>>> print(open('final-v6.cif').read())   # mmCIF, C-alpha atoms
data_protein
loop_
_atom_site.group_PDB
_atom_site.id
_atom_site.type_symbol
_atom_site.label_atom_id
_atom_site.label_comp_id
_atom_site.auth_asym_id
_atom_site.auth_seq_id
_atom_site.Cartn_x
_atom_site.Cartn_y
_atom_site.Cartn_z
ATOM 1 C CA MET R 6 8.896 9.225 16.941
ATOM 2 C CA THR R 7 9.991 5.927 18.441
ATOM 3 C CA VAL R 8 12.313 3.640 16.492
ATOM 4 C CA GLN R 9 12.282 -0.127 16.890
ATOM 5 C CA ARG R 10 15.304 -1.793 15.346
ATOM 6 C CA LEU R 11 15.354 -5.455 14.396
ATOM 7 C CA GLY R 12 18.835 -6.907 14.403
ATOM 8 C CA PHE R 13 19.820 -9.980 12.445
ATOM 9 C CA ALA R 14 22.998 -12.038 12.689
ATOM 10 C CA LYS R 15 26.002 -10.800 10.785
ATOM 11 C CA GLN R 16 26.181 -12.224 7.265
ATOM 12 C CA CYS R 17 22.446 -13.096 7.403
ATOM 13 C CA PRO R 18 19.642 -11.387 5.527
ATOM 14 C CA ALA R 19 16.555 -9.967 7.215
ATOM 15 C CA ASP R 20 14.048 -12.628 8.230
ATOM 16 C CA PRO R 21 10.589 -11.803 6.800
ATOM 17 C CA GLU R 22 8.915 -13.915 9.514
ATOM 18 C CA ALA R 23 10.619 -11.875 12.246
ATOM 19 C CA VAL R 24 9.371 -8.714 10.558
ATOM 20 C CA ALA R 25 5.848 -10.177 10.353
ATOM 21 C CA THR R 26 5.937 -11.140 14.049
ATOM 22 C CA THR R 27 7.043 -7.661 15.058
ATOM 23 C CA LEU R 28 4.366 -6.019 12.915
ATOM 24 C CA ALA R 29 1.692 -8.336 14.336
ATOM 25 C CA SER R 30 2.721 -7.445 17.887
ATOM 26 C CA LYS R 31 2.129 -3.795 17.044
ATOM 27 C CA ALA R 32 -1.128 -4.363 15.145
ATOM 28 C CA ASP R 33 -2.708 -1.386 16.925
ATOM 29 C CA GLY R 34 -0.994 0.873 14.389
ATOM 30 C CA GLY R 35 2.143 1.500 16.406
ATOM 31 C CA ILE R 36 4.370 0.915 13.376
ATOM 32 C CA LYS R 37 3.826 3.288 10.469
ATOM 33 C CA VAL R 38 6.941 2.720 8.345
ATOM 34 C CA VAL R 39 9.333 -0.144 7.615
ATOM 35 C CA LEU R 40 12.807 0.752 6.355
ATOM 36 C CA MET R 41 15.487 -1.675 5.274
ATOM 37 C CA SER R 42 18.662 -1.829 3.261
ATOM 38 C CA HIS R 43 18.576 -3.885 0.063
ATOM 39 C CA VAL R 44 22.311 -4.731 0.108
ATOM 40 C CA ASP R 45 24.889 -4.397 2.859
ATOM 41 C CA THR R 46 27.945 -3.321 0.899
ATOM 42 C CA THR R 47 30.493 -4.527 3.452
ATOM 43 C CA SER R 48 29.226 -8.111 3.660
ATOM 44 C CA SER R 49 27.399 -8.328 0.292
ATOM 45 C CA VAL R 50 24.306 -9.645 2.105
ATOM 46 C CA ARG R 51 21.164 -8.962 0.067
ATOM 47 C CA ASN R 52 17.796 -8.662 1.745
ATOM 48 C CA ASP R 53 14.730 -10.065 0.018
ATOM 49 C CA VAL R 54 12.770 -6.836 -0.223
ATOM 50 C CA ALA R 55 9.833 -8.531 -1.980
ATOM 51 C CA ALA R 56 9.474 -11.089 0.823
ATOM 52 C CA VAL R 57 9.528 -8.395 3.505
ATOM 53 C CA HIS R 58 7.046 -6.327 1.486
ATOM 54 C CA GLY R 59 4.790 -9.375 1.374
ATOM 55 C CA VAL R 60 4.431 -9.402 5.170
ATOM 56 C CA CYS R 61 3.907 -5.658 5.573
#
>>> encode(input="final-v6.cif", output="structure tokens")
Amino acid sequence: MTVQRLGFAKQCPADPEAVATTLASKADGGIKVVLMSHVDTTSSVRNDVAAVHGVC
């Protein structure tokens, strides 16, 4: 299994468009699973899970 990690700036939530771009670049089926954290406890940053789900 190969892991591709998307990093986002500290104190910033995941960018759904960046996720969509990455998924589109691997449209041949190279990405099977998307994992993300809903809330980063240390910084209290919440990711918009619904928005990321919408691009998957």
>>> closest_residue(input="final-v6.cif", among="R:Lys31, R:Arg51, R:His58, R:Lys37", to="R:Met6", atoms="all atoms listed in the file")
R:Lys37
>>> atom_distance(input="final-v6.cif", atom1="atom CA of R:Pro18", atom2="atom CA of R:Asn52")
5.0 Å
>>> atom_distance(input="final-v6.cif", atom1="atom CA of R:Asp53", atom2="atom CA of R:Ile36")
20.2 Å
>>> residues_near_point(input="final-v6.cif", point="(22.0, -12.1, 2.9)", cutoff="12 Å", atoms="only C-alpha atoms", output="count of residues only")
21
>>> atom_distance(input="final-v6.cif", atom1="atom CA of R:Pro21", atom2="atom CA of R:Thr7")
21.2 Å
>>> closest_residue(input="final-v6.cif", among="R:Cys61, R:Leu28, R:Met41, R:Ala55", to="R:Gly12", atoms="only C-alpha atoms")
R:Met41
>>> closest_residue(input="final-v6.cif", among="R:Val24, R:Ala56, R:Val38, R:Ala32", to="R:Val8", atoms="only C-alpha atoms")
R:Val38
